[in-house]
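**Q** Provided below: protein25.txt, containing compact mmCIF, C-alpha atoms and all ligand atoms.
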```txt
# COMPACT_ATOMS: atom_id res chain seq x y z
CA MET P 275 237.94 73.06 12.07
CA LEU P 276 234.91 74.90 10.77
CA SER P 277 232.79 76.40 13.49
CA LEU P 278 229.22 77.55 13.27
CA LYS P 279 227.12 79.20 15.96
CA ILE P 280 223.71 77.57 15.93
CA TYR P 281 221.05 79.56 17.73
CA TYR P 282 218.46 77.05 18.75
CA ASP P 283 215.19 76.31 20.49
CA PHE P 284 214.78 72.55 20.88
CA HIS P 285 211.59 72.48 22.97
CA ILE P 286 208.51 73.96 21.30
CA HIS P 287 204.89 72.78 21.41
CA SER P 288 202.34 73.07 18.62
CA CYS P 289 198.54 73.14 18.62
CA LEU P 290 198.68 69.35 18.81
CA SER P 291 199.61 69.56 22.48
CA PRO P 292 196.35 70.11 24.38
CA CYS P 293 198.06 72.88 26.35
CA GLY P 294 199.55 74.41 23.18
CA ASP P 295 197.86 77.53 21.79
CA ASP P 296 195.72 76.95 18.69
CA GLU P 297 197.89 79.57 16.93
CA MET P 298 200.95 77.30 17.27
CA THR P 299 200.54 76.00 13.74
CA PRO P 300 203.47 74.76 11.64
CA ASN P 301 203.79 77.96 9.59
CA ASN P 302 203.28 80.26 12.55
CA LEU P 303 205.83 78.64 14.78
CA VAL P 304 208.51 78.19 12.13
CA ASN P 305 208.10 81.78 10.91
CA MET P 306 208.20 83.08 14.48
CA ALA P 307 211.41 81.13 15.10
CA GLN P 308 212.94 82.69 12.00
CA LEU P 309 211.87 86.18 13.10
CA ALA P 310 213.48 85.45 16.47
CA GLY P 311 216.77 84.85 14.67
CA LEU P 312 216.99 81.13 15.35
CA ASN P 313 218.87 78.72 13.04
CA ALA P 314 217.57 75.42 14.38
CA ILE P 315 214.36 74.37 16.10
CA ALA P 316 212.63 71.21 17.26
CA LEU P 317 208.91 70.57 17.56
CA THR P 318 208.31 68.56 20.73
CA ASP P 319 204.65 67.95 21.45
CA HIS P 320 203.64 65.78 24.37
CA ASN P 321 204.01 62.09 23.48
CA THR P 322 203.58 62.62 19.72
CA CYS P 323 205.41 63.73 16.57
CA GLY P 324 202.13 64.19 14.68
CA ASN P 325 202.71 67.76 13.46
CA CYS P 326 206.43 67.35 12.76
CA ALA P 327 206.15 66.33 9.11
CA ALA P 328 204.19 69.51 8.27
CA ALA P 329 206.56 71.71 10.27
CA ALA P 330 209.60 70.05 8.68
CA THR P 331 208.30 70.93 5.20
CA VAL P 332 207.69 74.53 6.20
CA ALA P 333 211.13 74.78 7.84
CA GLU P 334 212.83 73.35 4.77
CA GLU P 335 211.18 75.98 2.56
CA LEU P 336 212.53 78.70 4.85
CA GLY P 337 216.01 77.18 5.16
CA MET P 338 215.63 76.53 8.87
CA ILE P 339 217.21 73.44 10.45
CA PHE P 340 214.38 71.38 11.89
CA LEU P 341 214.50 68.39 14.22
CA PRO P 342 211.33 66.38 14.65
CA GLY P 343 210.84 65.45 18.27
CA MET P 344 208.61 64.68 21.18
CA GLU P 345 208.41 65.55 24.87
CA LEU P 346 207.93 62.09 26.28
CA CYS P 347 206.24 61.68 29.65
CA THR P 348 207.78 58.63 31.28
CA ALA P 349 206.13 56.15 33.61
CA GLU P 350 207.57 58.17 36.51
CA GLU P 351 205.88 61.34 35.14
CA ALA P 352 209.24 62.80 34.16
CA HIS P 353 209.40 64.84 30.95
CA VAL P 354 212.21 63.95 28.55
CA VAL P 355 212.79 65.77 25.26
CA CYS P 356 213.59 63.35 22.42
CA LEU P 357 214.98 64.66 19.09
CA PHE P 358 215.54 62.93 15.77
CA PRO P 359 217.44 63.74 12.58
CA ASN P 360 214.47 63.13 10.28
CA ILE P 361 210.78 62.23 10.18
CA GLU P 362 211.38 58.55 9.54
CA ALA P 363 213.47 58.22 12.70
CA ALA P 364 210.91 60.18 14.73
CA GLU P 365 208.11 57.97 13.45
CA ARG P 366 210.05 54.81 14.35
CA PHE P 367 210.31 56.16 17.88
CA GLU P 368 206.65 57.19 18.02
CA ALA P 369 205.62 53.70 16.85
CA GLN P 370 207.20 52.36 20.03
CA ILE P 371 205.68 55.01 22.30
CA ALA P 372 202.09 55.07 21.03
CA PRO P 373 201.17 51.54 22.24
CA THR P 374 202.39 52.43 25.75
CA LEU P 375 200.03 55.38 26.24
CA PRO P 376 196.94 54.77 28.37
CA PRO P 377 193.74 54.64 26.28
CA ILE P 378 192.25 57.79 27.79
CA GLN P 379 190.24 59.98 25.43
CA ASN P 380 190.96 63.69 25.26
CA ARG P 381 188.20 65.98 26.49
CA PRO P 382 188.92 69.17 24.51
CA GLU P 383 186.57 71.26 26.66
CA ILE P 384 188.75 70.47 29.68
CA PHE P 385 192.27 69.79 28.38
CA GLY P 386 192.26 71.69 25.05
CA GLU P 387 192.18 70.71 21.40
CA GLN P 388 194.83 68.39 19.92
CA ILE P 389 194.98 69.67 16.33
CA LEU P 390 196.80 68.00 13.44
CA CYS P 391 197.79 70.40 10.65
CA ASP P 392 199.00 70.19 7.07
CA THR P 393 201.74 72.36 5.56
CA GLU P 394 199.19 75.14 4.90
CA ASP P 395 198.13 75.18 8.58
CA ARG P 396 194.77 73.64 7.66
CA GLN P 397 193.32 71.42 10.35
CA VAL P 398 193.38 67.88 8.97
CA GLY P 399 192.26 66.08 12.09
CA THR P 400 192.59 65.77 15.83
CA LYS P 401 194.22 63.22 18.10
CA ASP P 402 191.55 61.48 20.16
CA ILE P 403 193.81 59.92 22.77
CA LEU P 404 194.88 62.31 25.55
CA LEU P 405 198.53 63.18 24.94
CA THR P 406 199.49 64.49 28.37
CA THR P 407 199.35 61.17 30.18
CA ALA P 408 202.34 59.08 31.32
CA SER P 409 203.63 56.44 28.92
CA ALA P 410 204.76 53.06 30.23
CA ILE P 411 208.34 53.84 29.19
CA SER P 412 210.71 54.02 32.16
CA VAL P 413 212.96 57.08 32.43
CA ASP P 414 216.07 54.89 32.55
CA SER P 415 215.31 53.41 29.12
CA VAL P 416 214.53 56.61 27.17
CA ALA P 417 218.08 57.61 26.22
CA LYS P 418 218.81 54.16 24.83
CA LEU P 419 215.47 53.96 23.01
CA ALA P 420 215.95 57.38 21.38
CA ARG P 421 219.49 56.48 20.31
CA SER P 422 218.31 53.18 18.87
CA CYS P 423 216.13 55.25 16.50
CA GLY P 424 219.05 57.52 15.56
CA GLY P 425 218.05 60.30 17.95
CA THR P 426 218.96 61.80 21.28
CA ALA P 427 217.17 62.58 24.54
CA PHE P 428 217.71 64.95 27.44
CA PRO P 429 215.75 65.53 30.64
CA ALA P 430 213.42 68.55 30.33
CA HIS P 431 213.35 71.55 32.70
CA ILE P 432 215.24 69.82 35.54
CA ASP P 433 214.85 72.92 37.72
CA ARG P 434 211.04 72.69 37.69
CA PRO P 435 209.17 71.24 40.67
CA SER P 436 206.79 69.18 38.55
CA TYR P 437 207.12 66.78 35.63
CA SER P 438 210.91 66.89 35.76
CA VAL P 439 213.22 63.95 36.37
CA THR P 440 214.39 65.65 39.56
CA ALA P 441 210.81 66.06 40.81
CA ALA P 442 209.86 62.51 39.88
CA LEU P 443 212.96 60.80 41.32
CA GLY P 444 214.08 63.33 43.93
CA ASP P 445 217.50 63.28 42.29
CA LEU P 446 219.25 63.20 38.92
CA PRO P 447 220.93 59.80 38.77
CA PRO P 448 222.97 58.69 35.73
CA LEU P 449 220.32 57.78 33.13
CA GLY P 450 222.42 57.85 29.96
CA PHE P 451 221.66 61.46 29.02
CA ALA P 452 224.57 63.47 27.57
CA ALA P 453 222.85 66.88 27.84
CA VAL P 454 220.40 68.52 30.22
CA GLU P 455 217.74 71.22 29.87
CA ILE P 456 217.58 73.98 32.46
CA THR P 457 215.04 76.78 32.15
CA LYS P 458 216.04 80.36 31.52
CA ASN P 459 215.66 81.23 35.18
CA GLY P 460 217.42 78.12 36.50
CA ASN P 461 220.36 78.72 38.84
CA VAL P 462 223.15 76.75 37.14
CA GLU P 463 225.57 77.12 40.05
CA GLU P 464 223.09 75.83 42.59
CA LEU P 465 221.93 72.99 40.32
CA SER P 466 225.52 71.96 39.59
CA SER P 467 226.28 71.67 43.29
CA ARG P 468 223.11 69.66 43.88
CA TYR P 469 223.32 67.35 40.86
CA ALA P 470 226.84 66.09 40.05
CA GLU P 471 225.34 64.45 36.96
CA ILE P 472 225.05 67.77 35.07
CA VAL P 473 228.66 68.89 35.59
CA GLY P 474 230.55 68.94 32.31
CA LYS P 475 227.42 68.37 30.22
CA PRO P 476 225.93 70.88 27.79
CA LEU P 477 223.17 72.76 29.64
CA LEU P 478 220.51 73.57 27.08
CA GLN P 479 218.17 76.51 27.40
CA ASN P 480 214.95 76.12 25.44
CA SER P 481 211.66 78.00 25.58
CA ASP P 482 209.15 75.17 26.14
CA ALA P 483 206.89 77.57 24.23
CA HIS P 484 203.16 76.87 24.19
CA HIS P 485 202.41 80.31 22.69
CA LEU P 486 204.03 82.06 19.71
CA GLU P 487 205.43 84.94 21.74
CA ASP P 488 207.23 82.51 24.06
CA ILE P 489 209.57 81.11 21.37
CA GLN P 490 212.97 82.30 22.52
CA ASP P 491 215.08 84.96 20.82
CA ALA P 492 218.51 84.05 19.50
CA GLY P 493 220.74 83.81 22.55
CA PRO P 494 221.76 80.31 23.63
CA TYR P 495 223.86 78.62 20.97
CA LEU P 496 225.82 75.51 20.11
CA ASP P 497 229.14 75.95 18.33
CA LEU P 498 229.31 73.04 15.89
CA PRO P 499 231.37 72.00 12.84
CA ASP P 500 228.22 72.11 10.70
CA ASN P 501 224.49 72.61 11.08
CA SER P 502 223.13 69.26 9.95
CA PRO P 503 220.54 67.56 12.18
CA GLU P 504 222.89 64.55 12.37
CA THR P 505 225.70 66.71 13.77
CA ILE P 506 223.35 68.33 16.31
CA ILE P 507 222.17 64.88 17.45
CA ALA P 508 225.74 63.55 17.66
CA ALA P 509 226.78 66.57 19.71
CA LEU P 510 223.87 66.17 22.13
CA ASN P 511 224.78 62.48 22.44
CA GLY P 512 228.29 63.48 23.51
CA GLU P 513 229.85 61.97 20.39
CA ILE P 514 231.65 65.08 19.15
CA PRO P 515 233.32 67.81 21.19
CA PHE P 516 231.75 71.27 20.96
CA THR P 517 231.26 74.44 22.93
CA TRP P 518 227.98 76.02 23.90
CA GLN P 519 226.61 79.12 25.54
CA ARG P 520 223.43 79.57 27.52
ZN ZN P 601 207.52 69.47 30.26
ZN ZN P 602 207.19 71.09 27.09
```
For the file at hand, write its structure as structure tokens.
**A**
Amino acid sequence: MLSLKIYYDFHIHSCLSPCGDDEMTPNNLVNMAQLAGLNAIALTDHNTCGNCAAAATVAEELGMIFLPGMELCTAEEAHVVCLFPNIEAAERFEAQIAPTLPPIQNRPEIFGEQILCDTEDRQVGTKDILLTTASAISVDSVAKLARSCGGTAFPAHIDRPSYSVTAALGDLPPLGFAAVEITKNGNVEELSSRYAEIVGKPLLQNSDAHHLEDIQDAGPYLDLPDNSPETIIAALNGEIPFTWQR
């Protein structure tokens, strides 16, 4: 079987996230990922895929595998990274999330700008609704919802004391996720003994970058039969066997 090491970073924020640096434009972040030696990236702004179409175009021009995505904040205030094979799938998912967000307006002077860009990094608008609120989507329904749109989902930064599934629920119960994200500094041994749910699952290491310099260097990889977004999604859904390295 063909085997391909895919150096990835599947958790990156753009200038559309209020906490994301204004320099995290589509061209900047995709070019930085390429300089870092990555083969595949995902753009995962809080509760929106609004800058993914622009970033996907830029990534395609550079030959970088790109997965549109979103870091969904669930009703329990747990962050879950959701990835999709293409823009259409991501937009189907977003169409189901958007109506569940509370109608709170962003206050850029307090929370930061939420900037929509085109493929030339020109600002084409801003999102008015605050994107860092909790949706009404329950954490136990996210995996199924993402899969129903052709995507995948995994709990974000489970070793963090805030906005993680573990912080929100005090545990990591079976929620239908086939992969888990642990930060670079997470103690895998300790987490594995505390949460039986992660044993045997791929443990992803992403940057959660909000600034260009935080996008991770090539290191963690997935070893897959090919590098298509569909294969990456299938692997993260536990549908094909593969090896990985943090
Ligand atoms: Zn998060
Ligand atoms: Zn994040």
**Q** Ligand ZN 601 (chain P): which residues are within 9 Å, counting all atoms listed in the file? Reply as JSON, numbers by chain.
**A** {"P": [285, 320, 345, 346, 347, 352, 353, 354, 355, 430, 431, 434, 436, 437, 438, 482]}
**Q** With distances taken over all atoms listed in the file, which residue among P:Leu486, P:Ala441, P:Leu341, P:Ala333 lies nearest P:Pro359?
**A**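 Residue with the minimum atom-to-atom distance to P:Pro359: P:Leu341.
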**Q** Quick one: of P:Ala314, P:Pro476, P:Asp491, P:Thr348, who's nearest to P:Leu278, counting only C-alpha atoms?
**A**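 Among the listed residues, the smallest separation from P:Leu278 belongs to P:Ala314.
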**Q** Work out how far apart atom CA of P:Glu334 and atom CA of P:Ala316 are and give it in Å to one decimal.
**A** 12.7 Å
**Q** Nearest to ligand ZN 602 (chain P) among P:Gly294, P:Gly337, P:Gly444, P:Gly399, with distances taken over all atoms listed in the file: which residue is it?
**A**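 The answer is P:Gly294, which sits nearest to ligand ZN 602 (chain P).
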**Q** So that I can check the surroundings of P:Leu477, please list as a ChimeraX atom specification every protein, DNA and RNA residue that reaches within 12 Å of it, counting only C-alpha atoms and ignoring chain neighbours fewer than 6 positions away.
**A** /P:428-433,451-458,460-463,465-466,471,494-496,510,517-520
**Q** Find the spatial neighbours of P:Ala349, counting all atoms listed in the file, within a cut-off of 10 Å - ignore same-chain residues fewer than 6 positions away - and output them as a list in words.
**A**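 The residues satisfying every condition are Thr374, Leu375, Thr407, Ala408, Ser409, Ala410, Ile411, Ser412, Val413 and Ala442 of chain P.
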**Q** Could the residues in this selection be written to a file with C-alpha atoms, as an mmCIF file, keeping the file's coordinate frame?
**A**
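Below you can see part-v2.cif, which holds the result:
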```
data_model
loop_
_atom_site.group_PDB
_atom_site.id
_atom_site.type_symbol
_atom_site.label_atom_id
_atom_site.label_comp_id
_atom_site.auth_asym_id
_atom_site.auth_seq_id
_atom_site.Cartn_x
_atom_site.Cartn_y
_atom_site.Cartn_z
ATOM 1 C CA THR P 374 202.390 52.430 25.750
ATOM 2 C CA LEU P 375 200.030 55.380 26.240
ATOM 3 C CA THR P 407 199.350 61.170 30.180
ATOM 4 C CA ALA P 408 202.340 59.080 31.320
ATOM 5 C CA SER P 409 203.630 56.440 28.920
ATOM 6 C CA ALA P 410 204.760 53.060 30.230
ATOM 7 C CA ILE P 411 208.340 53.840 29.190
ATOM 8 C CA SER P 412 210.710 54.020 32.160
ATOM 9 C CA VAL P 413 212.960 57.080 32.430
ATOM 10 C CA ALA P 442 209.860 62.510 39.880
#
```
**Q** Which residue out of P:Ala369, P:Val398, P:Leu443, P:Leu404 has the minimum interatomic distance to P:Arg381 when all atoms listed in the file are used?
**A**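 Counting all atoms listed in the file, the residue closest to P:Arg381 is P:Leu404.
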**Q** For ligand ZN 602 (chain P), which residue among P:Leu405, P:Leu312, P:Leu446, P:Ile371 is the nearest when counting only C-alpha atoms and all ligand atoms?
**A**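 Nearest candidate to ligand ZN 602 (chain P) out of P:Leu405, P:Leu312, P:Leu446, P:Ile371: P:Leu405.
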**Q** Excluding P:Pro515 and its own-chain neighbours fewer than 6 positions away, which residues fall within 10 Å of it when counting all atoms listed in the file? Please give them as a list in words.
**A**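 Non-adjacent residues within range: Asp497, Leu498, Pro499, Ala508 and Ala509 of chain P.
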**Q** I need the residues from that last selection saved to file as a PDB file, in the coordinates of the input (with C-alpha atoms), if you can.
**A**
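Output file selection.pdb is given in full below:
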```pdb
ATOM      1  CA  ASP P 497     229.140  75.950  18.330  1.00  0.00           C
ATOM      2  CA  LEU P 498     229.310  73.040  15.890  1.00  0.00           C
ATOM      3  CA  PRO P 499     231.370  72.000  12.840  1.00  0.00           C
ATOM      4  CA  ALA P 508     225.740  63.550  17.660  1.00  0.00           C
ATOM      5  CA  ALA P 509     226.780  66.570  19.710  1.00  0.00           C
TER       6      ALA P 509
END
```
**Q** Can you work out the spacing between atom CA of P:Ala329 and atom CA of P:Leu317 in Å, to one decimal?
**A**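 Computing the Euclidean distance for atom CA of P:Ala329 and atom CA of P:Leu317 yields 7.7 Å.
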**Q** Using only C-alpha atoms, find all polymer residues with an atom at most 8 Å away from the point (193.1, 66.9, 11.4); report them as a list in words.
**A**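 Residues with an atom close enough to that point: Ile389, Leu390, Cys391, Arg396, Gln397, Val398, Gly399, Thr400 and Lys401 of chain P.
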**Q** With distances taken over only C-alpha atoms, which residue among P:Leu303, P:Ala328, P:Leu290, P:Ile506 lies nearest P:Glu387?
**A**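 Checking each candidate against P:Glu387, we get P:Leu290 as the closest.
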**Q** What gap, in Å, lies between atom CA of P:Val332 and atom CA of P:Val304?
**A**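 For atom CA of P:Val332 relative to atom CA of P:Val304, the distance reads 7.0 Å.
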**Q** Counting all atoms listed in the file, which residues sit no farther than 9 Å from the position (214.2, 80.0, 9.9) in the file's frame? I'd like them as a PyMOL selection string.
**A** chain P and resi 304-315+333-340
**Q** How would the residues just picked look written out with C-alpha atoms as a compact mmCIF listing (two decimals), in the frame of the given file?
**A**
```txt
# COMPACT_ATOMS: atom_id res chain seq x y z
CA VAL P 304 208.51 78.19 12.13
CA ASN P 305 208.10 81.78 10.91
CA MET P 306 208.20 83.08 14.48
CA ALA P 307 211.41 81.13 15.10
CA GLN P 308 212.94 82.69 12.00
CA LEU P 309 211.87 86.18 13.10
CA ALA P 310 213.48 85.45 16.47
CA GLY P 311 216.77 84.85 14.67
CA LEU P 312 216.99 81.13 15.35
CA ASN P 313 218.87 78.72 13.04
CA ALA P 314 217.57 75.42 14.38
CA ILE P 315 214.36 74.37 16.10
CA ALA P 333 211.13 74.78 7.84
CA GLU P 334 212.83 73.35 4.77
CA GLU P 335 211.18 75.98 2.56
CA LEU P 336 212.53 78.70 4.85
CA GLY P 337 216.01 77.18 5.16
CA MET P 338 215.63 76.53 8.87
CA ILE P 339 217.21 73.44 10.45
CA PHE P 340 214.38 71.38 11.89
```
